[in-house]
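As stored in my_file27.cif (mmCIF, C-alpha atoms):
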data_upload
#
loop_
_atom_site.group_PDB
_atom_site.id
_atom_site.type_symbol
_atom_site.label_atom_id
_atom_site.label_comp_id
_atom_site.auth_asym_id
_atom_site.auth_seq_id
_atom_site.Cartn_x
_atom_site.Cartn_y
_atom_site.Cartn_z
ATOM 1 C CA MET A 15 93.626 83.514 115.065
ATOM 2 C CA MET A 16 93.165 86.679 117.128
ATOM 3 C CA LEU A 17 96.750 87.722 116.430
ATOM 4 C CA PHE A 18 96.119 87.460 112.692
ATOM 5 C CA GLN A 19 92.965 89.592 112.968
ATOM 6 C CA TRP A 20 94.801 92.198 115.042
ATOM 7 C CA LEU A 21 97.695 92.289 112.566
ATOM 8 C CA LYS A 22 95.325 92.655 109.611
ATOM 9 C CA ARG A 23 93.503 95.554 111.309
ATOM 10 C CA PHE A 24 96.802 97.186 112.353
ATOM 11 C CA CYS A 25 98.155 97.064 108.780
ATOM 12 C CA ALA A 26 94.915 98.463 107.353
ATOM 13 C CA GLU A 27 94.887 101.348 109.834
ATOM 14 C CA ASN A 28 98.529 102.238 109.215
ATOM 15 C CA GLN A 29 98.501 101.971 105.445
ATOM 16 C CA ARG A 30 99.982 104.949 103.611
ATOM 17 C CA PRO A 31 97.480 107.107 101.757
ATOM 18 C CA VAL A 32 97.640 107.013 97.982
ATOM 19 C CA VAL A 33 98.781 110.348 96.567
ATOM 20 C CA HIS A 34 98.101 111.381 92.992
ATOM 21 C CA VAL A 35 100.310 114.225 91.812
ATOM 22 C CA PRO A 36 97.915 116.309 89.708
ATOM 23 C CA ASP A 37 98.802 116.918 86.071
ATOM 24 C CA GLY A 38 98.472 120.228 84.311
ATOM 25 C CA PRO A 39 100.333 123.432 83.600
ATOM 26 C CA HIS A 40 102.193 125.055 86.462
ATOM 27 C CA THR A 41 100.273 127.735 88.312
ATOM 28 C CA PRO A 42 101.536 130.397 90.728
ATOM 29 C CA PRO A 43 102.014 129.133 94.287
ATOM 30 C CA VAL A 44 99.420 129.786 96.973
ATOM 31 C CA ARG A 45 99.735 129.539 100.746
ATOM 32 C CA ARG A 46 97.070 128.277 103.125
ATOM 33 C CA ARG A 47 96.825 127.874 106.874
ATOM 34 C CA TYR A 48 94.784 124.937 108.131
ATOM 35 C CA CYS A 49 93.701 124.339 111.709
ATOM 36 C CA PHE A 50 92.824 120.662 112.211
ATOM 37 C CA SER A 51 90.673 119.655 115.186
ATOM 38 C CA GLY A 52 89.853 116.178 116.485
ATOM 39 C CA ILE A 53 92.249 113.339 117.258
ATOM 40 C CA VAL A 54 95.260 114.849 115.492
ATOM 41 C CA GLN A 55 97.958 114.840 118.184
ATOM 42 C CA GLY A 56 99.881 111.742 119.225
ATOM 43 C CA VAL A 57 98.898 109.841 116.061
ATOM 44 C CA GLY A 58 101.711 110.814 113.651
ATOM 45 C CA PHE A 59 99.776 113.685 112.072
ATOM 46 C CA ARG A 60 102.740 116.041 111.575
ATOM 47 C CA TYR A 61 104.961 113.208 110.337
ATOM 48 C CA GLU A 62 102.327 112.144 107.788
ATOM 49 C CA ALA A 63 101.911 115.769 106.695
ATOM 50 C CA GLN A 64 105.661 116.027 106.146
ATOM 51 C CA LEU A 65 105.744 112.858 104.028
ATOM 52 C CA LEU A 66 102.755 113.857 101.900
ATOM 53 C CA ALA A 67 103.989 117.414 101.396
ATOM 54 C CA GLY A 68 107.336 116.057 100.208
ATOM 55 C CA GLN A 69 105.649 113.739 97.713
ATOM 56 C CA LEU A 70 103.646 116.643 96.317
ATOM 57 C CA GLY A 71 106.489 119.194 96.221
ATOM 58 C CA LEU A 72 104.909 121.425 98.881
ATOM 59 C CA VAL A 73 106.690 123.521 101.516
ATOM 60 C CA GLY A 74 105.676 124.868 104.908
ATOM 61 C CA TRP A 75 105.296 123.535 108.441
ATOM 62 C CA ALA A 76 103.053 121.692 110.906
ATOM 63 C CA ARG A 77 102.851 122.461 114.639
ATOM 64 C CA ASN A 78 100.904 121.058 117.600
ATOM 65 C CA GLU A 79 98.960 123.649 119.576
ATOM 66 C CA ASN A 80 98.231 123.586 123.324
ATOM 67 C CA ASP A 81 94.482 123.264 122.680
ATOM 68 C CA GLY A 82 94.917 119.872 120.946
ATOM 69 C CA THR A 83 94.727 121.174 117.373
ATOM 70 C CA VAL A 84 97.406 121.063 114.697
ATOM 71 C CA ILE A 85 98.218 124.116 112.578
ATOM 72 C CA ILE A 86 99.624 123.570 109.102
ATOM 73 C CA GLU A 87 100.873 126.326 106.827
ATOM 74 C CA ILE A 88 101.464 124.918 103.376
ATOM 75 C CA GLU A 89 102.574 126.497 100.107
ATOM 76 C CA GLY A 90 102.646 125.316 96.521
ATOM 77 C CA GLU A 91 100.309 124.788 93.593
ATOM 78 C CA ALA A 92 96.656 124.894 94.654
ATOM 79 C CA ARG A 93 95.849 121.530 93.062
ATOM 80 C CA CYS A 94 98.708 119.889 94.990
ATOM 81 C CA ILE A 95 97.517 121.443 98.254
ATOM 82 C CA ASP A 96 94.010 120.152 97.523
ATOM 83 C CA GLU A 97 95.453 116.653 96.983
ATOM 84 C CA PHE A 98 97.419 116.978 100.233
ATOM 85 C CA LEU A 99 94.242 117.833 102.131
ATOM 86 C CA ARG A 100 92.327 114.960 100.507
ATOM 87 C CA ALA A 101 95.074 112.465 101.366
ATOM 88 C CA MET A 102 95.327 113.646 104.994
ATOM 89 C CA GLN A 103 91.604 113.072 105.418
ATOM 90 C CA THR A 104 91.925 109.439 104.265
ATOM 91 C CA VAL A 105 94.379 108.400 107.009
ATOM 92 C CA ARG A 106 92.316 106.138 109.232
ATOM 93 C CA ARG A 107 94.257 106.730 112.456
ATOM 94 C CA PHE A 108 93.278 110.408 112.386
ATOM 95 C CA ASP A 109 89.825 111.574 113.450
ATOM 96 C CA ILE A 110 89.566 115.029 111.906
ATOM 97 C CA THR A 111 86.378 116.676 113.128
ATOM 98 C CA GLU A 112 86.922 120.183 111.771
ATOM 99 C CA ILE A 113 89.246 122.004 109.375
ATOM 100 C CA GLN A 114 89.465 125.781 109.392
ATOM 101 C CA THR A 115 91.110 127.348 106.344
ATOM 102 C CA GLU A 116 92.752 130.722 105.820
ATOM 103 C CA GLU A 117 94.302 132.004 102.584
ATOM 104 C CA LEU A 118 97.685 133.694 103.057
ATOM 105 C CA PRO A 119 100.059 135.471 100.691
ATOM 106 C CA ALA A 120 102.695 133.137 99.238
ATOM 107 C CA ALA A 121 106.051 133.664 100.951
ATOM 108 C CA GLY A 122 108.335 131.905 98.486
ATOM 109 C CA THR A 123 111.105 131.617 101.080
ATOM 110 C CA GLU A 124 110.838 127.997 102.277
ATOM 111 C CA THR A 125 112.460 125.024 100.592
ATOM 112 C CA THR A 126 111.023 122.127 102.636
ATOM 113 C CA PHE A 127 108.097 121.103 104.805
ATOM 114 C CA LYS A 128 108.955 120.755 108.511
ATOM 115 C CA ALA A 129 107.281 119.309 111.578
ATOM 116 C CA LEU A 130 107.810 121.945 114.274
ATOM 117 C CA TYR A 131 107.970 121.131 117.991
#
Let's see the structure in the file written out as structure tokens.
Amino acid sequence: MMLFQWLKRFCAENQRPVVHVPDGPHTPPVRRRYCFSGIVQGVGFRYEAQLLAGQLGLVGWARNENDGTVIIEIEGEARCIDEFLRAMQTVRRFDITEIQTEELPAAGTETTFKALY
């Protein structure tokens, strides 16, 4: 019985977040830099960011920092970036304690989202 309970909890904690691609007219791309603090390294944070960004048509990168934070620069439609941020915060294996945000000028040069090492 304990194995079943462990398996049920494991599946619930590792369930993929539900992403809703927002409808509406296309808007000019924006770029944002996020600094995530908390338990965000060693838990698949950059990998999850890469998957979600791909689903939402966003480009940019995610990188671990020496201080235990993760920096993400992400570019695309603002409503898709907002959905990305919402979905990242629903992943139960992450413990995000703080998110710092900075608006940047859109670069328009990237074609994918990458996890940097």
Given the PyMOL selection byres ((chain A and resi 94) around 10), the residues it picks as a list of chain:residue names: A:Val33, A:His34, A:Val35, A:Pro36, A:Asp37, A:Pro43, A:Ala67, A:Gln69, A:Leu70, A:Gly71, A:Leu72, A:Glu89, A:Gly90, A:Glu91, A:Ala92, A:Arg93, A:Ile95, A:Asp96, A:Glu97, A:Phe98, A:Leu99, A:Arg100
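One distance worth recording is that between atom CA of A:Asp81 and atom CA of A:Ala101, which is 23.9 Å.
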Atom CA of A:Tyr131 to atom CA of A:Glu87, distance in Å rounded to a single decimal: 14.2 Å
Could you tell me which residues the PyMOL selection byres ((chain A and resi 85) around 8) returns for this structure, as an mmCIF file with C-alpha atoms, in the coordinates of the input?
data_model
loop_
_atom_site.group_PDB
_atom_site.id
_atom_site.type_symbol
_atom_site.label_atom_id
_atom_site.label_comp_id
_atom_site.auth_asym_id
_atom_site.auth_seq_id
_atom_site.Cartn_x
_atom_site.Cartn_y
_atom_site.Cartn_z
ATOM 1 C CA ARG A 47 96.825 127.874 106.874
ATOM 2 C CA TYR A 48 94.784 124.937 108.131
ATOM 3 C CA CYS A 49 93.701 124.339 111.709
ATOM 4 C CA PHE A 50 92.824 120.662 112.211
ATOM 5 C CA ALA A 76 103.053 121.692 110.906
ATOM 6 C CA ARG A 77 102.851 122.461 114.639
ATOM 7 C CA ASN A 78 100.904 121.058 117.600
ATOM 8 C CA GLU A 79 98.960 123.649 119.576
ATOM 9 C CA THR A 83 94.727 121.174 117.373
ATOM 10 C CA VAL A 84 97.406 121.063 114.697
ATOM 11 C CA ILE A 86 99.624 123.570 109.102
ATOM 12 C CA GLU A 87 100.873 126.326 106.827
#
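Comparing A:Gln64, A:Asn80, A:Gln114, A:Gln103 by their smallest distance to A:Thr126, the closest is A:Gln64 (using all atoms listed in the file).
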Pairwise distance for atom CA of A:Arg45 and atom CA of A:Ala120, rounded to one decimal in Å: 4.9 Å
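Residue nearest A:Thr115 within the list A:Lys128, A:Pro42, A:Ile88, A:Pro31: A:Ile88 [criterion: smallest interatomic distance, all atoms listed in the file].
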Of the listed residues A:Glu116, A:Thr104, A:Val73, A:Gly82, that which approaches A:Gly56 most closely, counting only C-alpha atoms: A:Gly82
Enclose the full set of atoms of stretch 98-111 of chain A listed in the file within a box whose edges lie along x, y and z, apply 6 Å of padding to each of the six sides, and report centre and edge lengths in Å to one decimal as lines of an AutoDock Vina configuration file.
center_x = 91.9
center_y = 112.0
center_z = 106.8
size_x = 23.0
size_y = 23.7
size_z = 25.2
Residue contacts of A:Glu62 (10 Å, only C-alpha atoms) excluding same-chain residues fewer than 6 positions away, as number ranges by chain: A: 30-31, 68, 101-102, 105, 129
Picked residues, the PyMOL selection byres ((chain A and resi 53) around 6), expected as a PyMOL selection string: chain A and resi 52+54-55+108-109
